[in-house]
Amino acid sequence: MVRLKWTFLGRVEYRLALELQYTHAKKVEAGHYPMLFLLEHPPTITLGRHADDSNILAPESEISADGFDVVRVLRGGDVTYHGPGQLVGYPVANISDARCNVPSWVEKNARAVIRFLSDCGLRSNWSDVHPGVWIGNSKIAAIGFHLSRGISTHGFAVNLDPDLSHFDRIIPCGLRDKKVTSVKEQLGRSPSLLESAKKVAHNLADELGWELEPMLEPGLVLGRSKDNVAEVETRV
């Protein structure tokens with residue numbers, strides 16, 4: 001059985017998270033184990049491969065002055081926001097190890113999130129028309145991957161208790177007539193990031209039919225390579 005290693009890293013700068021993903025993707029390509037990175041980011045706006053710059057509603061200089069990073073990335077999709085109070089998951093794996101094609105890989109990740117929300121007491125659903133996890137007309141989790149040689153990077157982001165006003169700086173995913181919500185907005189409370197990370201990790205391993213290993217300590221994961229940072233900045 002495939003073993004899924006995972007870690008909860010707390011708050012991690014977005015570009016460092018890219019570095020961690022691409023570094024591990026090379027290891028997976030060489031035959032190493034899949035890895036699930038769970039974390040949150042400081043305020044960051046990302047633009048996917050098909051993003052429309054007009055979906056950012058303020059000049060980049062103004063957004064940067066407010067403390068937001070702006071990053072162009074390889075995942076699919078349009079403009080998204082990441083920030084404190086949002087659980088972000090990056091499963092770096094060869095999807096063939098889960099006997100998945102791209103649609104089933106996305107579906108299994110979405111189901112792991114939907115099961116977590118159900119445990120919180122929320123009924124949500126996946127939309128093929130507007131990819132993501134929704135409660136009514138409001139998106140509660142964004143999902144977007146990048147596949148290269150069958151290896152997945154990027155992932156999902158679940159709104160636990162973020163500052164929803166931060167989404168006002170963008171048109172999330174380019175959908176003008178849709179809203180964004182969170183567990184806290186829906187229930188008046190939210191589980192902690194660590195508690196949520198544990199549940200999502202177990203759900204994802206179960207959906208993939210993999211064995212979940214005990215959480216790796218962050219100190220064993222957070223190593224940096226100057227060469228790899230340069231590579232990441234070149235690729236995005």
# chains A, B, ... in the order shown; residues from 1 in each chain; ligands from 1
>>> residues_around(residues="A:Gln21", least_positions_apart="6", cutoff="8 Å", atoms="only C-alpha atoms", output="PyMOL selection string")
chain A and resi 90+92+153-154
>>> select_by_dssp(residues="stretch 3-224 of chain A", states="helix (DSSP H, G or I)", output="mmCIF file with C-alpha atoms, in the first residue's frame")
data_model
loop_
_atom_site.group_PDB
_atom_site.id
_atom_site.type_symbol
_atom_site.label_atom_id
_atom_site.label_comp_id
_atom_site.auth_asym_id
_atom_site.auth_seq_id
_atom_site.Cartn_x
_atom_site.Cartn_y
_atom_site.Cartn_z
ATOM 1 C CA TYR A 14 3.727 31.377 -0.503
ATOM 2 C CA ARG A 15 6.977 31.283 -2.473
ATOM 3 C CA LEU A 16 8.574 28.985 0.083
ATOM 4 C CA ALA A 17 5.593 26.658 -0.252
ATOM 5 C CA LEU A 18 6.186 26.581 -4.013
ATOM 6 C CA GLU A 19 9.802 25.672 -3.373
ATOM 7 C CA LEU A 20 8.803 22.830 -1.049
ATOM 8 C CA GLN A 21 6.363 21.457 -3.620
ATOM 9 C CA TYR A 22 8.735 21.557 -6.573
ATOM 10 C CA THR A 23 11.563 20.083 -4.535
ATOM 11 C CA HIS A 24 9.409 17.176 -3.467
ATOM 12 C CA ALA A 25 7.952 16.743 -6.961
ATOM 13 C CA LYS A 26 11.467 15.938 -8.185
ATOM 14 C CA LYS A 27 11.745 13.300 -5.449
ATOM 15 C CA VAL A 28 8.394 11.787 -6.406
ATOM 16 C CA GLU A 29 9.516 11.644 -10.026
ATOM 17 C CA ASP A 53 -5.421 40.551 -14.688
ATOM 18 C CA SER A 54 -8.570 42.685 -14.619
ATOM 19 C CA ASN A 55 -9.902 40.393 -11.887
ATOM 20 C CA GLU A 60 -0.488 45.789 -7.713
ATOM 21 C CA SER A 61 1.529 48.577 -6.037
ATOM 22 C CA GLU A 62 -1.435 49.393 -3.794
ATOM 23 C CA ILE A 63 -2.023 45.730 -2.947
ATOM 24 C CA SER A 64 1.658 45.245 -2.143
ATOM 25 C CA ALA A 65 1.609 48.347 0.077
ATOM 26 C CA ILE A 95 -1.540 10.391 -9.502
ATOM 27 C CA SER A 96 -1.010 6.987 -11.116
ATOM 28 C CA ASP A 97 -0.103 5.689 -7.640
ATOM 29 C CA ALA A 98 -3.711 6.417 -6.697
ATOM 30 C CA VAL A 102 -6.900 14.061 -13.668
ATOM 31 C CA PRO A 103 -10.694 14.258 -13.109
ATOM 32 C CA SER A 104 -10.697 11.491 -10.493
ATOM 33 C CA TRP A 105 -7.693 13.041 -8.726
ATOM 34 C CA VAL A 106 -9.561 16.328 -8.443
ATOM 35 C CA GLU A 107 -12.710 14.498 -7.338
ATOM 36 C CA LYS A 108 -10.961 12.591 -4.542
ATOM 37 C CA ASN A 109 -9.355 15.761 -3.186
ATOM 38 C CA ALA A 110 -12.705 17.542 -3.322
ATOM 39 C CA ARG A 111 -14.412 14.672 -1.489
ATOM 40 C CA ALA A 112 -11.816 14.853 1.289
ATOM 41 C CA VAL A 113 -12.736 18.519 1.784
ATOM 42 C CA ILE A 114 -16.484 17.884 1.513
ATOM 43 C CA ARG A 115 -16.273 15.134 4.157
ATOM 44 C CA PHE A 116 -14.402 17.493 6.473
ATOM 45 C CA LEU A 117 -17.069 20.157 6.044
ATOM 46 C CA SER A 118 -19.762 17.570 6.675
ATOM 47 C CA ASP A 119 -18.076 16.672 9.970
ATOM 48 C CA CYS A 120 -18.237 20.377 10.826
ATOM 49 C CA LEU A 164 -13.426 37.664 4.065
ATOM 50 C CA SER A 165 -12.970 41.368 3.310
ATOM 51 C CA HIS A 166 -9.563 40.450 1.824
ATOM 52 C CA PHE A 167 -11.395 38.764 -1.049
ATOM 53 C CA ASP A 168 -12.804 42.188 -1.981
ATOM 54 C CA ARG A 169 -9.496 43.017 -3.652
ATOM 55 C CA PRO A 172 -12.389 35.294 -7.024
ATOM 56 C CA CYS A 173 -11.931 32.875 -9.930
ATOM 57 C CA GLY A 174 -13.369 35.567 -12.202
ATOM 58 C CA VAL A 183 -16.862 27.831 8.161
ATOM 59 C CA LYS A 184 -16.892 30.683 10.690
ATOM 60 C CA GLU A 185 -19.416 32.700 8.683
ATOM 61 C CA GLN A 186 -21.677 29.671 8.293
ATOM 62 C CA LEU A 187 -21.513 28.336 11.858
ATOM 63 C CA LEU A 193 -6.108 24.872 11.670
ATOM 64 C CA LEU A 194 -4.269 21.909 13.203
ATOM 65 C CA GLU A 195 -7.462 20.037 14.054
ATOM 66 C CA SER A 196 -8.747 20.671 10.538
ATOM 67 C CA ALA A 197 -5.440 19.589 8.982
ATOM 68 C CA LYS A 198 -5.552 16.262 10.814
ATOM 69 C CA LYS A 199 -9.086 15.530 9.625
ATOM 70 C CA VAL A 200 -8.420 16.512 6.017
ATOM 71 C CA ALA A 201 -5.226 14.433 5.927
ATOM 72 C CA HIS A 202 -7.083 11.349 7.158
ATOM 73 C CA ASN A 203 -9.912 11.961 4.688
ATOM 74 C CA LEU A 204 -7.557 12.317 1.728
ATOM 75 C CA ALA A 205 -5.605 9.171 2.576
ATOM 76 C CA ASP A 206 -8.893 7.299 2.880
ATOM 77 C CA GLU A 207 -10.199 8.621 -0.436
ATOM 78 C CA LEU A 208 -6.985 7.605 -2.189
ATOM 79 C CA PRO A 218 7.893 20.846 10.551
ATOM 80 C CA GLY A 219 11.589 21.102 11.371
ATOM 81 C CA LEU A 220 12.242 17.998 9.258
#
>>> closest_residue(among="A:Ser124, A:Gln86, A:Thr44, A:Asn94", to="A:Asn159", atoms="only C-alpha atoms")
A:Gln86
>>> closest_residue(among="A:Trp126, A:Phe68, A:Trp210, A:Tyr33", to="A:Ile151", atoms="only C-alpha atoms")
A:Tyr33
>>> atom_distance(atom1="atom CA of A:Leu47", atom2="atom CA of A:Pro59")
14.3 Å
>>> select_by_dssp(residues="stretch 38-127 of chain A", states="strand (DSSP E)", output="list in words")
Leu38, Leu39, Glu40, Thr44, Ile45, Thr46, Leu47, Asp69, Val70, Val71, Arg72, Val79, Thr80, Tyr81, His82, Gln86, Leu87, Val88, Gly89, Tyr90, Pro91, Val92, Ala93, Asn94, Asn125 and Trp126 of chain A
>>> atom_distance(atom1="atom CA of A:Ser152", atom2="atom CA of A:Arg3")
16.0 Å
